[in-house]
Amino acid sequence: MLSVILIWCYMLMTTFFVGYGILRIITHRIPYQIRHMDSYLFCGLVGVTVYAQFFSLVCKVGLLANLILCTVCFVIVWFDRKALGSKLKVLWSDIKRKGSGKRGRMLVILFLFLLFAYGTSRGIIHYDTGLYHAQSIRWLEEYGVVKGLGNLHCRLAYNSSSFALSALYSMSFLGGQSYHCCAGFLAFILAVICLRIIDSIRNGRLCTGDFARVMCIYYLVIIFDEMVSPASDYFMVLTAFYIVIRWLDLLEQQEKTVLPYALLCVLGVFLMTVKLSAALILILVIHPAYYILKEKRWREIILYLFLGVITALPYFIRNVIISGWLVYPFTQIDLFEVPWKIPKGLADYDAREIQVWGRGYTDVTQFDRSVFEWLPDWFRALAGSDKLLVLVAGCSVAILIVYGLVLLWKRTTVPARQWQLLLVQMTVAGSFLFWLGTSPLIRYGCVYVYLTSAVVLGGIYDVVINHNCRAGNKWRYVVSRLCIASVALLVAYKLLALGGEIIRSYSNDYWLTQKYYENYEVIPYELEGVTFYYPARGDQVGYESFPSSPAVAQIGFLGEDIADGFYSLP
């Protein structure tokens with residue numbers, strides 16, 4: 001746990017300073033007052049992840065990458081120390097004003113920091129971490145990006161930017177273990193953002209963002225004993241929650257400036273590089289694009305396009321280097337003919353296997369089954385709570401369609417805020433339907449299940465109860481109080497459940513260092529004088545046995561060393 005706390009302190013400083021530097025340059029051109037500490041932290045997380053990906057193109061992500069990062073942070077602090085000092089004072093005052101009392105909120109944040117550091121130091125290592133997450137991170141730590149790495153193991157071609165972030169902060173270069181603290185760090189930030197719901201309950205007024213916060217709390221409780229694992233799913237879900245919650249907060253505050261919405265869209269581009277299946281979040285681009293194109297603000301258009309391109313560019317470059325495909329394993333876009341390219345047949349098989357697995361089958365021959373055949377089987381196999389949540393999300397989509405038609409019928413009297421909210425509702429509902437129709441594994445798309453019901457039903461509640469409420473309307477008052485009481489009870493129940501789980505699973509271990517990756521029995525084999533490993537049983541290897549593949553790899557070397565890359569043997 002102590003190791004997690006120290007790494008998190010380092011992450012807080014570096015991500016804040018990098019985020020501050022980026023936003024300082026942007027807001028110098030487009031004046032805007034940044035109000036939240038988490039804005040700097042998330043901007044910094046994107047910045048250092050993009051940096052780590054670019055760095056991996058030329059060198060391993062280790063000591064040198066961190067030294068350069070620290071140098072950049074020092075330069076930002078030194079050359080803008082006066083403005084930075086003023087900004088820190090403003091942010092500190094803002095934090096103390098929120099919540100009940102000046103000290104109360106800081107004590108709660110400190111408690112959450114220690115609580116989530118405790119959860120990140122121990123828990124359940126995700127199955128796929130032993131399969132390929134740990135190996136992907138170690139390749140970045142040891143070599144950076146390697147040509148044709150996906151030929152060694154196709155899952156190593158699942159290029160998530162979250163692995164570069166994990167490698168940057170793994171501290172493996174110190175000679176101890178490789179740490180994996182980044183998912184827990186994101187969870188901690190989201191937990192702090194969810195604190196606002198306490199004020200909303202106390203004030204007796206829930207807004208749409210509060211319903212999204214309830215589902216975020218629900219998810220945080222679920223992954224509390226799993227966030228020790230560097231699985232890309234956690235990065236994707238937590239970032240998606242952040243985008244939607246902050247977007248809804250901006251609508252609630254009636255924010256007119258385009259900049260914060262545009263920056264959240266850039267964060268959406270980053271989300272796509274974490275997990276490509278989240279790309280539909282970019283439907284939100286419609287909102288800022290409409291205003292800046294309408295007003296022909298060419299300088300801003302160029303700025304936002306540049307930010308989006310620079311965020312996505314290293315991801316696509318890494319895709320091509322690792323697999324030979326622009327977007328692996330989807331072969332519809334075939335632009336490059338390189339010697340290390342993963343054969344099209346293998347890539348197509350991998351793509352089908354992903355979809356079939358999400359539908360609940362292990363046999364790829366089931367891929368051609370119609371949705372009417374596999375969907376009932378998939379639904380029956382869900383856990384009880386997941387069945388209920390999927391049903392509510394499906395009903396929410398139906399309600400949204402009716403609600404959207406009503407808005408179109410009354411379009412001349414509908415305020416702009418409702419159209420803006422409708423865009424968010426359509427985005428999460430569209431993402432839910434896309435997930436449901438492609439590869440509906442719950443851990444892939446639970447965020448769409450949770451957010452669809454929260455944003456659609458919570459948004460309608462917000463409009464009907466809060467914004468259209470009239471004095472003396474008793475039924476609205478009763479509904480409002482019932483909803484507030486239900487939300488308060490649900491939050492209290494989940495927190496009590498989390499407390500009970502922590503007490504039941506408590507063990508006096510991992511107080512100094514974090515739980516290590518799980519490692520498995522392996523069998524060595526040699527290729528061109530280099531020792532590789534494959535699992536003695538199953539398909540998991542872990543971190544230590546490096547390099548590894550799930551079976552004896554049918555590959556050749558592009559050069560004399562494994563750093564030169566691999567190609568697939570016919």
# chains A, B, ... in the order shown; residues from 1 in each chain; ligands from 1
$ residues_around --residues "Ile30 of chain A" --least-positions-apart "5" --cutoff "9 Å" --atoms "only C-alpha atoms" --output "list in words"
Ile25, Leu259 and Glu300 of chain A
$ write_last_selection --atoms "all heavy atoms" --output "PDB file, in the first residue's frame"
ATOM      1  N   ILE A  25      -1.422  26.782 -22.115  1.00  0.00           N
ATOM      2  CA  ILE A  25      -1.209  27.187 -23.514  1.00  0.00           C
ATOM      3  C   ILE A  25      -2.539  27.361 -24.238  1.00  0.00           C
ATOM      4  O   ILE A  25      -2.747  28.344 -24.959  1.00  0.00           O
ATOM      5  CB  ILE A  25      -0.341  26.122 -24.228  1.00  0.00           C
ATOM      6  CG1 ILE A  25       1.067  26.091 -23.623  1.00  0.00           C
ATOM      7  CG2 ILE A  25      -0.261  26.414 -25.723  1.00  0.00           C
ATOM      8  CD1 ILE A  25       1.909  24.934 -24.117  1.00  0.00           C
ATOM      9  N   LEU A 259     -15.129  25.717 -25.430  1.00  0.00           N
ATOM     10  CA  LEU A 259     -13.863  25.089 -25.072  1.00  0.00           C
ATOM     11  C   LEU A 259     -13.998  23.842 -24.191  1.00  0.00           C
ATOM     12  O   LEU A 259     -13.435  22.794 -24.532  1.00  0.00           O
ATOM     13  CB  LEU A 259     -12.945  26.113 -24.397  1.00  0.00           C
ATOM     14  CG  LEU A 259     -11.610  25.567 -23.903  1.00  0.00           C
ATOM     15  CD1 LEU A 259     -10.717  25.164 -25.072  1.00  0.00           C
ATOM     16  CD2 LEU A 259     -10.895  26.573 -23.015  1.00  0.00           C
ATOM     17  N   GLU A 300      -9.964  28.093 -33.729  1.00  0.00           N
ATOM     18  CA  GLU A 300     -10.369  27.051 -32.777  1.00  0.00           C
ATOM     19  C   GLU A 300     -10.542  25.710 -33.472  1.00  0.00           C
ATOM     20  O   GLU A 300     -10.176  24.657 -32.919  1.00  0.00           O
ATOM     21  CB  GLU A 300     -11.662  27.459 -32.071  1.00  0.00           C
ATOM     22  CG  GLU A 300     -11.505  28.623 -31.116  1.00  0.00           C
ATOM     23  CD  GLU A 300     -12.764  28.877 -30.316  1.00  0.00           C
ATOM     24  OE1 GLU A 300     -13.366  27.887 -29.847  1.00  0.00           O
ATOM     25  OE2 GLU A 300     -13.153  30.049 -30.167  1.00  0.00           O
TER      26      GLU A 300
END
$ select_by_dssp --residues "segment 47-268 of chain A" --states "alpha helix (DSSP H)" --output "number ranges by chain"
A: 47-56, 63-79, 81-97, 102-120, 127-128, 134-142, 149-152, 161-168, 182-193, 196-203, 208-223, 232-252, 259-268
$ residues_around --residues "Ser370 of chain A" --least-positions-apart "3" --cutoff "12 Å" --atoms "only C-alpha atoms" --output "list in words"
Val356, Arg359, Gln366, Phe367, Glu373, Trp374, Leu375, Pro376, Asp377, Gly437 and Thr438 of chain A
$ residues_around --residues "segment 141-154 of chain A" --least-positions-apart "5" --cutoff "6 Å" --atoms "only C-alpha atoms" --output "list in words"
Ser56, Leu57, Cys59, Lys60, Val61, Gly62, Ala167, Ile321, Ile322, Ser323, Trp340, Ile342, Ser549, Ala553, Ala563, Gly565, Phe566, Tyr567 and Ser568 of chain A
$ write_last_selection --atoms "N, CA and C atoms" --output "mmCIF file, in the first residue's frame"
data_model
loop_
_atom_site.group_PDB
_atom_site.id
_atom_site.type_symbol
_atom_site.label_atom_id
_atom_site.label_comp_id
_atom_site.auth_asym_id
_atom_site.auth_seq_id
_atom_site.Cartn_x
_atom_site.Cartn_y
_atom_site.Cartn_z
ATOM 1 N N SER A 56 7.583 5.317 -26.818
ATOM 2 C CA SER A 56 7.741 3.882 -27.069
ATOM 3 C C SER A 56 8.108 3.586 -28.513
ATOM 4 N N LEU A 57 7.892 4.544 -29.412
ATOM 5 C CA LEU A 57 8.241 4.337 -30.814
ATOM 6 C C LEU A 57 9.749 4.318 -31.032
ATOM 7 N N CYS A 59 12.108 4.126 -28.052
ATOM 8 C CA CYS A 59 12.874 3.645 -26.902
ATOM 9 C C CYS A 59 11.932 2.937 -25.929
ATOM 10 N N LYS A 60 12.508 2.162 -25.043
ATOM 11 C CA LYS A 60 11.705 1.520 -24.013
ATOM 12 C C LYS A 60 11.181 2.575 -23.036
ATOM 13 N N VAL A 61 10.027 2.306 -22.457
ATOM 14 C CA VAL A 61 9.380 3.254 -21.548
ATOM 15 C C VAL A 61 9.841 2.932 -20.132
ATOM 16 N N GLY A 62 10.841 3.655 -19.674
ATOM 17 C CA GLY A 62 11.416 3.363 -18.366
ATOM 18 C C GLY A 62 12.019 4.584 -17.718
ATOM 19 N N ALA A 167 3.006 1.291 -18.183
ATOM 20 C CA ALA A 167 4.456 1.084 -18.288
ATOM 21 C C ALA A 167 5.225 2.302 -17.778
ATOM 22 N N ILE A 321 2.808 -0.707 -36.536
ATOM 23 C CA ILE A 321 4.084 -1.333 -36.198
ATOM 24 C C ILE A 321 3.872 -2.696 -35.546
ATOM 25 N N ILE A 322 2.899 -2.802 -34.662
ATOM 26 C CA ILE A 322 2.682 -4.051 -33.927
ATOM 27 C C ILE A 322 2.034 -5.129 -34.790
ATOM 28 N N SER A 323 1.090 -4.715 -35.650
ATOM 29 C CA SER A 323 0.299 -5.716 -36.378
ATOM 30 C C SER A 323 0.363 -5.603 -37.898
ATOM 31 N N TRP A 340 5.986 -7.650 -41.686
ATOM 32 C CA TRP A 340 5.566 -8.173 -40.379
ATOM 33 C C TRP A 340 4.043 -8.213 -40.202
ATOM 34 N N ILE A 342 0.359 -9.219 -39.764
ATOM 35 C CA ILE A 342 -0.358 -10.426 -39.339
ATOM 36 C C ILE A 342 -1.242 -10.890 -40.500
ATOM 37 N N SER A 549 4.345 -16.832 -25.343
ATOM 38 C CA SER A 549 3.232 -16.973 -26.272
ATOM 39 C C SER A 549 2.353 -18.093 -25.740
ATOM 40 N N ALA A 553 5.375 -20.459 -30.931
ATOM 41 C CA ALA A 553 5.072 -19.469 -31.965
ATOM 42 C C ALA A 553 5.673 -19.871 -33.308
ATOM 43 N N ALA A 563 14.291 -7.444 -30.619
ATOM 44 C CA ALA A 563 13.902 -6.034 -30.715
ATOM 45 C C ALA A 563 13.654 -5.618 -32.155
ATOM 46 N N GLY A 565 11.946 -7.349 -34.311
ATOM 47 C CA GLY A 565 10.588 -7.711 -34.676
ATOM 48 C C GLY A 565 10.449 -9.107 -35.240
ATOM 49 N N PHE A 566 9.186 -9.461 -35.573
ATOM 50 C CA PHE A 566 8.847 -10.814 -36.001
ATOM 51 C C PHE A 566 7.959 -10.780 -37.238
ATOM 52 N N TYR A 567 8.007 -11.848 -37.989
ATOM 53 C CA TYR A 567 7.051 -12.041 -39.078
ATOM 54 C C TYR A 567 6.458 -13.439 -38.949
ATOM 55 N N SER A 568 5.302 -13.623 -39.513
ATOM 56 C CA SER A 568 4.599 -14.907 -39.404
ATOM 57 C C SER A 568 5.087 -15.864 -40.477
#
$ closest_residue --among "A:Ile125, A:Arg196, A:Ile333, A:Val269" --to "Asn519 of chain A" --atoms "only C-alpha atoms"
A:Ile125
$ atom_distance --atom1 "atom CA of Ile201 of chain A" --atom2 "atom CA of Ala488 of chain A"
6.9 Å
$ residues_around --residues "segment 533-542 of chain A" --least-positions-apart "5" --cutoff "9 Å" --atoms "only C-alpha atoms" --output "mmCIF file with all heavy atoms, in the first residue's frame"
data_model
loop_
_atom_site.group_PDB
_atom_site.id
_atom_site.type_symbol
_atom_site.label_atom_id
_atom_site.label_comp_id
_atom_site.auth_asym_id
_atom_site.auth_seq_id
_atom_site.Cartn_x
_atom_site.Cartn_y
_atom_site.Cartn_z
ATOM 1 N N TYR A 127 -8.162 -12.112 -15.299
ATOM 2 C CA TYR A 127 -7.701 -13.266 -16.079
ATOM 3 C C TYR A 127 -6.852 -12.826 -17.270
ATOM 4 O O TYR A 127 -5.781 -13.405 -17.529
ATOM 5 C CB TYR A 127 -8.905 -14.077 -16.577
ATOM 6 C CG TYR A 127 -8.528 -15.345 -17.308
ATOM 7 C CD1 TYR A 127 -8.411 -16.553 -16.627
ATOM 8 C CD2 TYR A 127 -8.272 -15.330 -18.679
ATOM 9 C CE1 TYR A 127 -8.049 -17.721 -17.290
ATOM 10 C CE2 TYR A 127 -7.902 -16.492 -19.349
ATOM 11 C CZ TYR A 127 -7.797 -17.676 -18.650
ATOM 12 O OH TYR A 127 -7.427 -18.818 -19.309
ATOM 13 N N ASP A 128 -7.320 -11.812 -17.998
ATOM 14 C CA ASP A 128 -6.594 -11.374 -19.195
ATOM 15 C C ASP A 128 -5.256 -10.717 -18.866
ATOM 16 O O ASP A 128 -4.404 -10.582 -19.749
ATOM 17 C CB ASP A 128 -7.453 -10.395 -20.006
ATOM 18 C CG ASP A 128 -8.521 -11.118 -20.820
ATOM 19 O OD1 ASP A 128 -8.543 -12.365 -20.783
ATOM 20 O OD2 ASP A 128 -9.328 -10.445 -21.481
ATOM 21 N N THR A 129 -5.064 -10.325 -17.611
ATOM 22 C CA THR A 129 -3.764 -9.771 -17.233
ATOM 23 C C THR A 129 -2.693 -10.843 -17.315
ATOM 24 O O THR A 129 -1.590 -10.602 -17.809
ATOM 25 C CB THR A 129 -3.829 -9.172 -15.818
ATOM 26 O OG1 THR A 129 -4.727 -8.054 -15.829
ATOM 27 C CG2 THR A 129 -2.458 -8.697 -15.356
ATOM 28 N N GLY A 130 -3.022 -12.035 -16.831
ATOM 29 C CA GLY A 130 -2.093 -13.154 -16.965
ATOM 30 C C GLY A 130 -1.963 -13.638 -18.393
ATOM 31 O O GLY A 130 -0.962 -14.249 -18.772
ATOM 32 N N LEU A 131 -2.989 -13.359 -19.201
ATOM 33 C CA LEU A 131 -2.996 -13.802 -20.593
ATOM 34 C C LEU A 131 -2.136 -12.904 -21.482
ATOM 35 O O LEU A 131 -1.304 -13.383 -22.255
ATOM 36 C CB LEU A 131 -4.435 -13.845 -21.108
ATOM 37 C CG LEU A 131 -4.665 -14.349 -22.536
ATOM 38 C CD1 LEU A 131 -4.201 -15.782 -22.674
ATOM 39 C CD2 LEU A 131 -6.145 -14.231 -22.892
ATOM 40 N N TYR A 132 -2.352 -11.556 -21.377
ATOM 41 C CA TYR A 132 -1.565 -10.676 -22.249
ATOM 42 C C TYR A 132 -1.322 -9.265 -21.714
ATOM 43 O O TYR A 132 -0.404 -8.585 -22.175
ATOM 44 C CB TYR A 132 -2.215 -10.578 -23.637
ATOM 45 C CG TYR A 132 -3.476 -9.748 -23.695
ATOM 46 C CD1 TYR A 132 -3.437 -8.412 -24.084
ATOM 47 C CD2 TYR A 132 -4.715 -10.298 -23.396
ATOM 48 C CE1 TYR A 132 -4.592 -7.655 -24.176
ATOM 49 C CE2 TYR A 132 -5.872 -9.558 -23.470
ATOM 50 C CZ TYR A 132 -5.812 -8.230 -23.860
ATOM 51 O OH TYR A 132 -6.951 -7.484 -23.929
ATOM 52 N N HIS A 133 -2.095 -8.773 -20.724
ATOM 53 C CA HIS A 133 -1.870 -7.415 -20.216
ATOM 54 C C HIS A 133 -0.446 -7.252 -19.688
ATOM 55 O O HIS A 133 0.264 -6.306 -20.042
ATOM 56 C CB HIS A 133 -2.855 -7.078 -19.088
ATOM 57 C CG HIS A 133 -4.284 -7.078 -19.493
ATOM 58 N ND1 HIS A 133 -5.319 -7.216 -18.594
ATOM 59 C CD2 HIS A 133 -4.869 -6.951 -20.708
ATOM 60 C CE1 HIS A 133 -6.467 -7.171 -19.229
ATOM 61 N NE2 HIS A 133 -6.229 -7.011 -20.518
ATOM 62 N N ALA A 134 -0.040 -8.170 -18.807
ATOM 63 C CA ALA A 134 1.273 -8.060 -18.175
ATOM 64 C C ALA A 134 2.388 -8.153 -19.212
ATOM 65 O O ALA A 134 3.383 -7.413 -19.143
ATOM 66 C CB ALA A 134 1.439 -9.153 -17.113
ATOM 67 N N GLN A 135 2.225 -9.063 -20.179
ATOM 68 C CA GLN A 135 3.244 -9.195 -21.218
ATOM 69 C C GLN A 135 3.304 -7.947 -22.100
ATOM 70 O O GLN A 135 4.396 -7.496 -22.490
ATOM 71 C CB GLN A 135 2.960 -10.429 -22.070
ATOM 72 C CG GLN A 135 3.255 -11.744 -21.375
ATOM 73 C CD GLN A 135 4.738 -12.051 -21.279
ATOM 74 O OE1 GLN A 135 5.451 -12.004 -22.270
ATOM 75 N NE2 GLN A 135 5.201 -12.380 -20.074
ATOM 76 N N TYR A 517 2.001 -9.312 -9.954
ATOM 77 C CA TYR A 517 1.321 -10.075 -10.996
ATOM 78 C C TYR A 517 1.330 -11.568 -10.652
ATOM 79 O O TYR A 517 2.292 -12.074 -10.061
ATOM 80 C CB TYR A 517 2.042 -9.909 -12.335
ATOM 81 C CG TYR A 517 1.900 -8.549 -12.985
ATOM 82 C CD1 TYR A 517 2.985 -7.690 -13.089
ATOM 83 C CD2 TYR A 517 0.689 -8.135 -13.524
ATOM 84 C CE1 TYR A 517 2.874 -6.459 -13.706
ATOM 85 C CE2 TYR A 517 0.562 -6.901 -14.143
ATOM 86 C CZ TYR A 517 1.657 -6.067 -14.234
ATOM 87 O OH TYR A 517 1.537 -4.855 -14.836
ATOM 88 N N GLU A 518 0.287 -12.264 -11.047
ATOM 89 C CA GLU A 518 0.277 -13.708 -10.878
ATOM 90 C C GLU A 518 1.073 -14.353 -12.010
ATOM 91 O O GLU A 518 0.958 -13.949 -13.170
ATOM 92 C CB GLU A 518 -1.168 -14.223 -10.875
ATOM 93 C CG GLU A 518 -1.942 -13.776 -9.640
ATOM 94 C CD GLU A 518 -3.392 -14.202 -9.678
ATOM 95 O OE1 GLU A 518 -3.858 -14.610 -10.765
ATOM 96 O OE2 GLU A 518 -4.070 -14.115 -8.642
ATOM 97 N N ASN A 519 1.905 -15.323 -11.666
ATOM 98 C CA ASN A 519 2.736 -16.001 -12.646
ATOM 99 C C ASN A 519 2.417 -17.499 -12.640
ATOM 100 O O ASN A 519 1.976 -18.046 -11.625
ATOM 101 C CB ASN A 519 4.216 -15.763 -12.345
ATOM 102 C CG ASN A 519 4.587 -14.303 -12.515
ATOM 103 O OD1 ASN A 519 4.640 -13.797 -13.623
ATOM 104 N ND2 ASN A 519 4.834 -13.620 -11.401
ATOM 105 N N TYR A 520 2.651 -18.157 -13.765
ATOM 106 C CA TYR A 520 2.181 -19.525 -13.951
ATOM 107 C C TYR A 520 3.322 -20.427 -14.429
ATOM 108 O O TYR A 520 4.355 -19.947 -14.925
ATOM 109 C CB TYR A 520 1.026 -19.544 -14.966
ATOM 110 C CG TYR A 520 -0.124 -18.675 -14.545
ATOM 111 C CD1 TYR A 520 -0.134 -17.311 -14.842
ATOM 112 C CD2 TYR A 520 -1.184 -19.189 -13.817
ATOM 113 C CE1 TYR A 520 -1.185 -16.488 -14.448
ATOM 114 C CE2 TYR A 520 -2.241 -18.386 -13.414
ATOM 115 C CZ TYR A 520 -2.237 -17.038 -13.724
ATOM 116 O OH TYR A 520 -3.269 -16.234 -13.319
ATOM 117 N N GLU A 521 3.114 -21.714 -14.273
ATOM 118 C CA GLU A 521 4.117 -22.683 -14.706
ATOM 119 C C GLU A 521 4.239 -22.650 -16.229
ATOM 120 O O GLU A 521 3.231 -22.641 -16.952
ATOM 121 C CB GLU A 521 3.715 -24.084 -14.249
ATOM 122 C CG GLU A 521 4.744 -25.147 -14.578
ATOM 123 C CD GLU A 521 4.294 -26.538 -14.179
ATOM 124 O OE1 GLU A 521 3.235 -26.650 -13.523
ATOM 125 O OE2 GLU A 521 4.994 -27.510 -14.532
ATOM 126 N N VAL A 522 5.468 -22.615 -16.705
ATOM 127 C CA VAL A 522 5.692 -22.489 -18.147
ATOM 128 C C VAL A 522 6.695 -23.543 -18.626
ATOM 129 O O VAL A 522 7.399 -24.164 -17.832
ATOM 130 C CB VAL A 522 6.223 -21.080 -18.508
ATOM 131 C CG1 VAL A 522 5.200 -20.011 -18.200
ATOM 132 C CG2 VAL A 522 7.537 -20.797 -17.771
ATOM 133 N N ILE A 523 6.735 -23.700 -19.949
ATOM 134 C CA ILE A 523 7.686 -24.594 -20.606
ATOM 135 C C ILE A 523 8.541 -23.754 -21.555
ATOM 136 O O ILE A 523 7.991 -23.033 -22.397
ATOM 137 C CB ILE A 523 6.956 -25.703 -21.378
ATOM 138 C CG1 ILE A 523 6.112 -26.556 -20.425
ATOM 139 C CG2 ILE A 523 7.956 -26.578 -22.151
ATOM 140 C CD1 ILE A 523 5.208 -27.547 -21.130
ATOM 141 N N PRO A 524 9.851 -23.804 -21.430
ATOM 142 C CA PRO A 524 10.703 -23.005 -22.326
ATOM 143 C C PRO A 524 10.874 -23.671 -23.692
ATOM 144 O O PRO A 524 10.809 -24.899 -23.818
ATOM 145 C CB PRO A 524 12.026 -22.935 -21.569
ATOM 146 C CG PRO A 524 12.057 -24.174 -20.756
ATOM 147 C CD PRO A 524 10.628 -24.491 -20.399
ATOM 148 N N TYR A 525 11.100 -22.857 -24.709
ATOM 149 C CA TYR A 525 11.476 -23.363 -26.032
ATOM 150 C C TYR A 525 12.341 -22.295 -26.700
ATOM 151 O O TYR A 525 12.339 -21.124 -26.294
ATOM 152 C CB TYR A 525 10.245 -23.706 -26.881
ATOM 153 C CG TYR A 525 9.389 -22.527 -27.294
ATOM 154 C CD1 TYR A 525 9.522 -21.952 -28.555
ATOM 155 C CD2 TYR A 525 8.423 -21.996 -26.431
ATOM 156 C CE1 TYR A 525 8.729 -20.881 -28.947
ATOM 157 C CE2 TYR A 525 7.629 -20.936 -26.805
ATOM 158 C CZ TYR A 525 7.775 -20.374 -28.066
ATOM 159 O OH TYR A 525 7.001 -19.306 -28.448
ATOM 160 N N GLU A 526 13.090 -22.694 -27.690
ATOM 161 C CA GLU A 526 14.032 -21.776 -28.320
ATOM 162 C C GLU A 526 13.667 -21.501 -29.771
ATOM 163 O O GLU A 526 13.238 -22.393 -30.504
ATOM 164 C CB GLU A 526 15.461 -22.321 -28.254
ATOM 165 C CG GLU A 526 16.095 -22.186 -26.890
ATOM 166 C CD GLU A 526 17.607 -22.335 -26.927
ATOM 167 O OE1 GLU A 526 18.157 -22.454 -28.044
ATOM 168 O OE2 GLU A 526 18.225 -22.324 -25.852
ATOM 169 N N PRO A 547 10.186 -13.497 -23.086
ATOM 170 C CA PRO A 547 8.904 -13.320 -23.784
ATOM 171 C C PRO A 547 8.133 -14.637 -23.865
ATOM 172 O O PRO A 547 8.727 -15.715 -23.767
ATOM 173 C CB PRO A 547 9.348 -12.855 -25.167
ATOM 174 C CG PRO A 547 10.689 -13.489 -25.364
ATOM 175 C CD PRO A 547 11.335 -13.535 -24.012
ATOM 176 N N SER A 548 6.845 -14.525 -24.035
ATOM 177 C CA SER A 548 6.016 -15.728 -24.020
ATOM 178 C C SER A 548 4.952 -15.671 -25.101
ATOM 179 O O SER A 548 4.680 -14.619 -25.692
ATOM 180 C CB SER A 548 5.353 -15.890 -22.654
ATOM 181 O OG SER A 548 4.335 -14.920 -22.492
ATOM 182 N N SER A 549 4.345 -16.832 -25.343
ATOM 183 C CA SER A 549 3.232 -16.973 -26.272
ATOM 184 C C SER A 549 2.353 -18.093 -25.740
ATOM 185 O O SER A 549 2.807 -18.916 -24.945
ATOM 186 C CB SER A 549 3.744 -17.297 -27.676
ATOM 187 O OG SER A 549 4.521 -18.472 -27.663
ATOM 188 N N PRO A 550 1.100 -18.166 -26.140
ATOM 189 C CA PRO A 550 0.222 -19.217 -25.604
ATOM 190 C C PRO A 550 0.584 -20.617 -26.092
ATOM 191 O O PRO A 550 0.177 -21.602 -25.492
ATOM 192 C CB PRO A 550 -1.167 -18.797 -26.105
ATOM 193 C CG PRO A 550 -0.896 -17.938 -27.292
ATOM 194 C CD PRO A 550 0.387 -17.239 -27.018
ATOM 195 N N ALA A 551 1.349 -20.698 -27.195
ATOM 196 C CA ALA A 551 1.837 -21.979 -27.710
ATOM 197 C C ALA A 551 3.161 -21.685 -28.416
ATOM 198 O O ALA A 551 3.597 -20.539 -28.474
ATOM 199 C CB ALA A 551 0.828 -22.594 -28.676
ATOM 200 N N VAL A 552 3.793 -22.719 -28.925
ATOM 201 C CA VAL A 552 5.047 -22.501 -29.660
ATOM 202 C C VAL A 552 4.755 -21.623 -30.873
ATOM 203 O O VAL A 552 3.956 -21.988 -31.743
ATOM 204 C CB VAL A 552 5.673 -23.835 -30.091
ATOM 205 C CG1 VAL A 552 6.927 -23.596 -30.931
ATOM 206 C CG2 VAL A 552 6.011 -24.684 -28.871
ATOM 207 N N ALA A 553 5.375 -20.459 -30.931
ATOM 208 C CA ALA A 553 5.072 -19.469 -31.965
ATOM 209 C C ALA A 553 5.673 -19.871 -33.308
ATOM 210 O O ALA A 553 6.813 -20.346 -33.377
ATOM 211 C CB ALA A 553 5.609 -18.101 -31.546
#
$ closest_residue --among "A:Tyr361, A:Trp92, A:Phe16, A:Tyr10" --to "Trp378 of chain A" --atoms "only C-alpha atoms"
A:Tyr361
$ residues_around --residues "Gly47 of chain A" --least-positions-apart "6" --cutoff "12 Å" --atoms "only C-alpha atoms" --output "list in words"
Thr14, Thr15, Phe16, Phe17, Val18, Gly19, Tyr20, Gly21, Ile22, Leu23, Tyr40, Leu41, Gln53, Phe54, Leu69, Val72, Cys73, Ser161, Ala164, Leu165, Val266, Leu267, Phe270, Leu307, Gly308, Ile310, Thr311, Ala312 and Pro314 of chain A
$ atom_distance --atom1 "atom CA of Ser453 of chain A" --atom2 "atom CA of Thr427 of chain A"
12.3 Å
$ residues_around --residues "segment 379-391 of chain A" --least-positions-apart "3" --cutoff "8 Å" --atoms "only C-alpha atoms" --output "VMD selection string"
chain A and resid 360 375 to 376 394 to 395 442 449 to 450
$ write_last_selection --atoms "N, CA and C atoms" --output "mmCIF file, in the first residue's frame"
data_model
loop_
_atom_site.group_PDB
_atom_site.id
_atom_site.type_symbol
_atom_site.label_atom_id
_atom_site.label_comp_id
_atom_site.auth_asym_id
_atom_site.auth_seq_id
_atom_site.Cartn_x
_atom_site.Cartn_y
_atom_site.Cartn_z
ATOM 1 N N GLY A 360 -21.209 -15.097 -25.699
ATOM 2 C CA GLY A 360 -21.342 -16.218 -24.784
ATOM 3 C C GLY A 360 -20.940 -17.557 -25.351
ATOM 4 N N LEU A 375 -29.042 -13.909 -29.020
ATOM 5 C CA LEU A 375 -29.387 -12.942 -27.980
ATOM 6 C C LEU A 375 -30.152 -13.573 -26.815
ATOM 7 N N PRO A 376 -31.159 -14.446 -27.059
ATOM 8 C CA PRO A 376 -31.842 -15.078 -25.914
ATOM 9 C C PRO A 376 -30.905 -15.911 -25.056
ATOM 10 N N GLY A 394 -32.610 -1.246 -21.954
ATOM 11 C CA GLY A 394 -33.401 -1.441 -23.167
ATOM 12 C C GLY A 394 -34.698 -0.649 -23.137
ATOM 13 N N CYS A 395 -35.377 -0.673 -21.998
ATOM 14 C CA CYS A 395 -36.611 0.125 -21.854
ATOM 15 C C CYS A 395 -36.310 1.624 -21.978
ATOM 16 N N ILE A 442 -20.378 -8.159 -20.702
ATOM 17 C CA ILE A 442 -20.730 -7.125 -19.734
ATOM 18 C C ILE A 442 -19.543 -6.246 -19.382
ATOM 19 N N VAL A 449 -24.549 0.240 -20.389
ATOM 20 C CA VAL A 449 -25.740 -0.261 -19.693
ATOM 21 C C VAL A 449 -26.103 0.685 -18.550
ATOM 22 N N TYR A 450 -25.108 1.055 -17.748
ATOM 23 C CA TYR A 450 -25.357 1.911 -16.586
ATOM 24 C C TYR A 450 -25.783 3.316 -16.999
#
